[in-house]
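First the structure, in the form of structure tokens, and then the observations on it.
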Amino acid sequence: MGTASDIKLIDENGLRIDGRSPTELRPIKIETDVLDRADGSAFIEWGGNKILVAVYGPREAYPKHTQDIEKAIIKARYNMAAFSVDERKRPGPDRRSIEISKVISEALSNAVMVEQFPRAQIDVFIEVLQADAGTRIAGLTAASVALASAGIPMRDLVVGCAAGKVDGQIVLDLGKEEDNFGEADLPMGILAKSGKVVLMQMDGDLSAEEFDKATELILDAVKRINEIQREALAGKFVSLALERGGE
Ligand code: CDP
């Protein structure tokens with residue numbers, strides 16, 4: 001969170017720098033089955049973010065000592081392409097991407113029926129091609145769809161969404177300038193049906209009251225985002241059914 005008091009992020013009509021209202025999401029589009037060799041895949045465009053997710057597995061975990069005899073391990077790897085940000089990002093893992101990979105792996109482990117695949121691993125490659133704030137929640141949202149599209153049994157879909165504070169106001173889904181110059185950002189991962197929180201991080205400060213307001217905005221948006229996830233997956237099943245019908 002930067003501090004640039006001279007930058008106005010909310011105008012006199014209560015609109016944000018990109019014209020959105022405080023409770024409005026950026027546009028979201030999700031497509032499945034974009035890669036032939038992956039077991040499951042998804043491409044998400046969320047505002048200016050463009051992220052590709054490839055899922056491989058379940059397959060025997062390797063090296064063997066990483067195996068869990070009771071369940072599959074989810075190995076999510078979040079990576080930003082060198083060209084995904086304004087200033088070229090140095091290729092390879094850094095502390096930030098290792099942290100994001102860890103929290104996304106844990107969030108997804110709550111959604112997948114990991115106990116059905118002892119000793120297995122499920123790889124989830126999250127490749128950020130264009131970054132514009134909120135890549136971890138967009139990547140998580142797409143990863144969940146890619147896992148479902150791989151036919152991996154899941155309890156629920158995980159929805160990623162963030163809210164934050166800009167110019168003293170609580171707003172949904174921070175854009176780039178809001179992320180840079182706002183006061184707080186609260187990314188969350190929520191199981192769509194149960195509402196269970198599986199990822200929560202915070203950058204900046206919120207009072208208890210502001211935190212409640214931010215969570216309320218997120219929970220309301222989760223329903224809308226989950227609808228988009230389900231439409232992306234329904235398209236796939238509908239087209240399969242049509243193919244079968246035409247035989
Ligand atoms: O992307 P997310 O909001 O989950 O994570 P962040 O660490 O809060 O980063 C916010 C934004 O900063 C990213 O989405 C990128 O647009 C930008 N960023 C960047 O320009 N260069 C980096 N090395 C990392 C992030």
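Residue numbers start at 1 in each chain; chains themselves are named A, B, ... in the order of the structure tokens; ligands are numbered from 1 in the order shown.
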
Extract, using only C-alpha atoms, all DNA, RNA and protein residues at most 6 Å from Ile190 of chain A, discarding same-chain residues fewer than 6 positions from it, and format them as a ChimeraX atom specification. /A:158-159,196-198

At most 8 Å from ligand 1 (only C-alpha atoms and all ligand atoms): residue list as a ChimeraX atom specification: /A:49,80,84-90,96,100,130-138,176,179-180,185,187,203

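Nearest residue to Ala234 of chain A among A:Asp36, A:Ile30, A:Pro118, A:Ala76 is A:Ile30, counting only C-alpha atoms.
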
Env of Ala214 of chain A: 10 Å cut, atoms = only C-alpha atoms, seq-sep filter 4 positions within chain, self excluded. Answer as JSON, numbers by chain. {"A": [23, 162, 163, 164, 165, 169, 170, 171, 172, 173, 185, 186, 187, 206, 208, 209, 210, 218, 219]}

Please dump the current selection as a PDB file, in the first residue's frame; keep N, CA, C and O atoms.
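File written: out.pdb
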ATOM      1  N   THR A  23     -19.223  -1.079  -4.930  1.00  0.00           N
ATOM      2  CA  THR A  23     -19.569  -2.502  -4.796  1.00  0.00           C
ATOM      3  C   THR A  23     -19.457  -3.262  -6.116  1.00  0.00           C
ATOM      4  O   THR A  23     -19.914  -4.393  -6.235  1.00  0.00           O
ATOM      5  N   ALA A 162     -11.395  -9.948  -3.452  1.00  0.00           N
ATOM      6  CA  ALA A 162     -10.781  -9.036  -2.481  1.00  0.00           C
ATOM      7  C   ALA A 162     -11.641  -7.797  -2.306  1.00  0.00           C
ATOM      8  O   ALA A 162     -12.433  -7.438  -3.183  1.00  0.00           O
ATOM      9  N   ALA A 163     -11.484  -7.169  -1.154  1.00  0.00           N
ATOM     10  CA  ALA A 163     -12.058  -5.842  -0.939  1.00  0.00           C
ATOM     11  C   ALA A 163     -10.967  -5.047  -0.237  1.00  0.00           C
ATOM     12  O   ALA A 163      -9.968  -5.620   0.210  1.00  0.00           O
ATOM     13  N   GLY A 164     -11.139  -3.750  -0.161  1.00  0.00           N
ATOM     14  CA  GLY A 164     -10.093  -2.957   0.483  1.00  0.00           C
ATOM     15  C   GLY A 164     -10.591  -1.574   0.815  1.00  0.00           C
ATOM     16  O   GLY A 164     -11.793  -1.291   0.731  1.00  0.00           O
ATOM     17  N   LYS A 165      -9.647  -0.723   1.184  1.00  0.00           N
ATOM     18  CA  LYS A 165     -10.003   0.634   1.609  1.00  0.00           C
ATOM     19  C   LYS A 165      -9.238   1.632   0.755  1.00  0.00           C
ATOM     20  O   LYS A 165      -8.008   1.548   0.644  1.00  0.00           O
ATOM     21  N   GLN A 169     -12.756   4.795   2.144  1.00  0.00           N
ATOM     22  CA  GLN A 169     -13.986   4.026   1.880  1.00  0.00           C
ATOM     23  C   GLN A 169     -13.691   2.560   1.614  1.00  0.00           C
ATOM     24  O   GLN A 169     -12.677   2.240   0.986  1.00  0.00           O
ATOM     25  N   ILE A 170     -14.622   1.697   2.002  1.00  0.00           N
ATOM     26  CA  ILE A 170     -14.464   0.262   1.726  1.00  0.00           C
ATOM     27  C   ILE A 170     -15.024  -0.023   0.336  1.00  0.00           C
ATOM     28  O   ILE A 170     -16.169   0.313   0.041  1.00  0.00           O
ATOM     29  N   VAL A 171     -14.192  -0.611  -0.520  1.00  0.00           N
ATOM     30  CA  VAL A 171     -14.614  -0.899  -1.896  1.00  0.00           C
ATOM     31  C   VAL A 171     -14.249  -2.344  -2.264  1.00  0.00           C
ATOM     32  O   VAL A 171     -13.339  -2.936  -1.702  1.00  0.00           O
ATOM     33  N   LEU A 172     -14.983  -2.859  -3.252  1.00  0.00           N
ATOM     34  CA  LEU A 172     -14.774  -4.230  -3.699  1.00  0.00           C
ATOM     35  C   LEU A 172     -13.722  -4.280  -4.802  1.00  0.00           C
ATOM     36  O   LEU A 172     -13.682  -3.397  -5.662  1.00  0.00           O
ATOM     37  N   ASP A 173     -12.881  -5.326  -4.791  1.00  0.00           N
ATOM     38  CA  ASP A 173     -12.044  -5.679  -5.937  1.00  0.00           C
ATOM     39  C   ASP A 173     -11.146  -4.526  -6.416  1.00  0.00           C
ATOM     40  O   ASP A 173     -11.397  -3.918  -7.454  1.00  0.00           O
ATOM     41  N   ASP A 185      -5.869  -3.805   1.578  1.00  0.00           N
ATOM     42  CA  ASP A 185      -6.359  -4.797   0.611  1.00  0.00           C
ATOM     43  C   ASP A 185      -6.557  -6.104   1.369  1.00  0.00           C
ATOM     44  O   ASP A 185      -5.678  -6.520   2.134  1.00  0.00           O
ATOM     45  N   LEU A 186      -7.716  -6.716   1.184  1.00  0.00           N
ATOM     46  CA  LEU A 186      -8.064  -7.946   1.916  1.00  0.00           C
ATOM     47  C   LEU A 186      -8.474  -9.028   0.916  1.00  0.00           C
ATOM     48  O   LEU A 186      -9.643  -9.118   0.548  1.00  0.00           O
ATOM     49  N   PRO A 187      -7.513  -9.822   0.413  1.00  0.00           N
ATOM     50  CA  PRO A 187      -7.891 -10.906  -0.493  1.00  0.00           C
ATOM     51  C   PRO A 187      -8.380 -12.132   0.291  1.00  0.00           C
ATOM     52  O   PRO A 187      -7.768 -12.501   1.296  1.00  0.00           O
ATOM     53  N   LEU A 206      -7.288  -2.294   8.709  1.00  0.00           N
ATOM     54  CA  LEU A 206      -8.728  -2.055   8.713  1.00  0.00           C
ATOM     55  C   LEU A 206      -9.194  -2.134  10.162  1.00  0.00           C
ATOM     56  O   LEU A 206      -8.695  -2.962  10.924  1.00  0.00           O
ATOM     57  N   ALA A 208     -12.168  -3.108  12.981  1.00  0.00           N
ATOM     58  CA  ALA A 208     -13.055  -4.281  13.028  1.00  0.00           C
ATOM     59  C   ALA A 208     -14.304  -4.019  12.194  1.00  0.00           C
ATOM     60  O   ALA A 208     -14.781  -4.888  11.456  1.00  0.00           O
ATOM     61  N   GLU A 209     -14.795  -2.802  12.290  1.00  0.00           N
ATOM     62  CA  GLU A 209     -16.007  -2.430  11.553  1.00  0.00           C
ATOM     63  C   GLU A 209     -15.762  -2.450  10.037  1.00  0.00           C
ATOM     64  O   GLU A 209     -16.575  -2.953   9.262  1.00  0.00           O
ATOM     65  N   GLU A 210     -14.621  -1.886   9.647  1.00  0.00           N
ATOM     66  CA  GLU A 210     -14.266  -1.870   8.221  1.00  0.00           C
ATOM     67  C   GLU A 210     -14.046  -3.293   7.700  1.00  0.00           C
ATOM     68  O   GLU A 210     -14.419  -3.620   6.572  1.00  0.00           O
ATOM     69  N   ILE A 218     -17.363  -8.873  -0.020  1.00  0.00           N
ATOM     70  CA  ILE A 218     -16.759 -10.055  -0.644  1.00  0.00           C
ATOM     71  C   ILE A 218     -17.780 -11.189  -0.734  1.00  0.00           C
ATOM     72  O   ILE A 218     -17.971 -11.797  -1.795  1.00  0.00           O
ATOM     73  N   LEU A 219     -18.472 -11.459   0.374  1.00  0.00           N
ATOM     74  CA  LEU A 219     -19.427 -12.579   0.390  1.00  0.00           C
ATOM     75  C   LEU A 219     -20.535 -12.376  -0.638  1.00  0.00           C
ATOM     76  O   LEU A 219     -20.985 -13.329  -1.276  1.00  0.00           O
TER      77      LEU A 219
END

Proximity to Asn110 of chain A - best of A:Ile44, A:Cys161, A:Ala221, A:Leu199, only C-alpha atoms: A:Leu199

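The gap separating atom CA of Ile225 of chain A from atom CA of Arg77 of chain A is 22.5 Å, in Å to one decimal.
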
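By only C-alpha atoms, and with residues fewer than 6 positions from Lys193 of chain A along its chain excluded, the set lying at most 10 Å from it is Arg155, Asp156, Leu157, Val158, Val222, Lys223 and Asn226 of chain A.
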
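Assigned to helix (DSSP H, G or I) in segment 177-225 of chain A, given DSSP computed from backbone atoms, are Glu177, Glu178, Asp179, Asn180, Phe181, Ala208, Glu209, Glu210, Phe211, Asp212, Lys213, Ala214, Thr215, Glu216, Leu217, Ile218, Leu219, Asp220, Ala221, Val222, Lys223, Arg224 and Ile225 of chain A.
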
Using only C-alpha atoms, determine which residues lie at most 7 Å from Arg59 of chain A, disregarding the query and same-chain residues fewer than 2 positions distant; provide the list as an MDAnalysis selection string. chainID A and resid 57 61 120:122

DSSP on the backbone: what in segment 8-113 of chain A comes out strand (DSSP E), as a VMD selection string? chain A and resid 28 to 32 40 to 46 49 to 60 73 to 80

For those residues, write C-alpha atoms to a file as a short mmCIF file (atom, residue, chain, number, x, y, z; two decimals), in the first residue's frame.
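Result file is again.cif:
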data_model
loop_
_atom_site.label_atom_id
_atom_site.label_comp_id
_atom_site.auth_asym_id
_atom_site.auth_seq_id
_atom_site.Cartn_x
_atom_site.Cartn_y
_atom_site.Cartn_z
CA ILE A 28 -14.68 -11.32 -15.38
CA LYS A 29 -14.55 -13.95 -18.16
CA ILE A 30 -13.57 -17.60 -17.71
CA GLU A 31 -12.98 -20.20 -20.40
CA THR A 32 -12.15 -23.89 -19.83
CA GLY A 40 -7.80 -29.59 -17.00
CA SER A 41 -7.27 -25.95 -17.85
CA ALA A 42 -8.81 -22.52 -17.60
CA PHE A 43 -8.13 -19.00 -18.81
CA ILE A 44 -9.41 -16.06 -16.81
CA GLU A 45 -9.62 -12.39 -17.69
CA TRP A 46 -10.43 -10.35 -14.62
CA ASN A 49 -5.47 -9.62 -15.42
CA LYS A 50 -4.94 -12.48 -17.88
CA ILE A 51 -4.10 -15.80 -16.25
CA LEU A 52 -3.75 -19.31 -17.61
CA VAL A 53 -4.12 -22.37 -15.35
CA ALA A 54 -3.10 -25.94 -16.24
CA VAL A 55 -3.93 -28.94 -14.04
CA TYR A 56 -2.08 -32.28 -14.22
CA GLY A 57 -3.05 -35.32 -12.17
CA PRO A 58 -3.86 -36.90 -9.86
CA ARG A 59 -0.63 -38.84 -10.49
CA GLU A 60 1.81 -40.63 -8.18
CA ILE A 73 -1.12 -33.22 -2.13
CA ILE A 74 -2.02 -30.17 -4.15
CA LYS A 75 1.01 -28.42 -5.59
CA ALA A 76 0.01 -25.04 -6.92
CA ARG A 77 2.75 -23.01 -8.59
CA TYR A 78 2.01 -19.33 -9.12
CA ASN A 79 4.29 -17.71 -11.65
CA MET A 80 4.38 -14.26 -13.21
#

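Between atom CA of Ala150 of chain A and atom CA of Tyr62 of chain A lies a distance of 20.1 Å.
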
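Distances here use only C-alpha atoms; by that measure, the residue among A:Ser149, A:Met202, A:Arg230, A:Leu191 closest to Leu35 of chain A is A:Ser149.
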
Under the rule that only C-alpha atoms are counted, which of A:Ala82, A:Val114, A:Met200, A:Met154 is the nearest residue to Asp68 of chain A? A:Val114

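Considering only C-alpha atoms, the residue among A:Ile69, A:Ile228, A:Val166, A:Ala192 positioned nearest to Gly204 of chain A is A:Val166.
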
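Reported to one decimal place, the separation of atom CA of Ile126 of chain A from atom CA of Ile98 of chain A is 12.0 Å.
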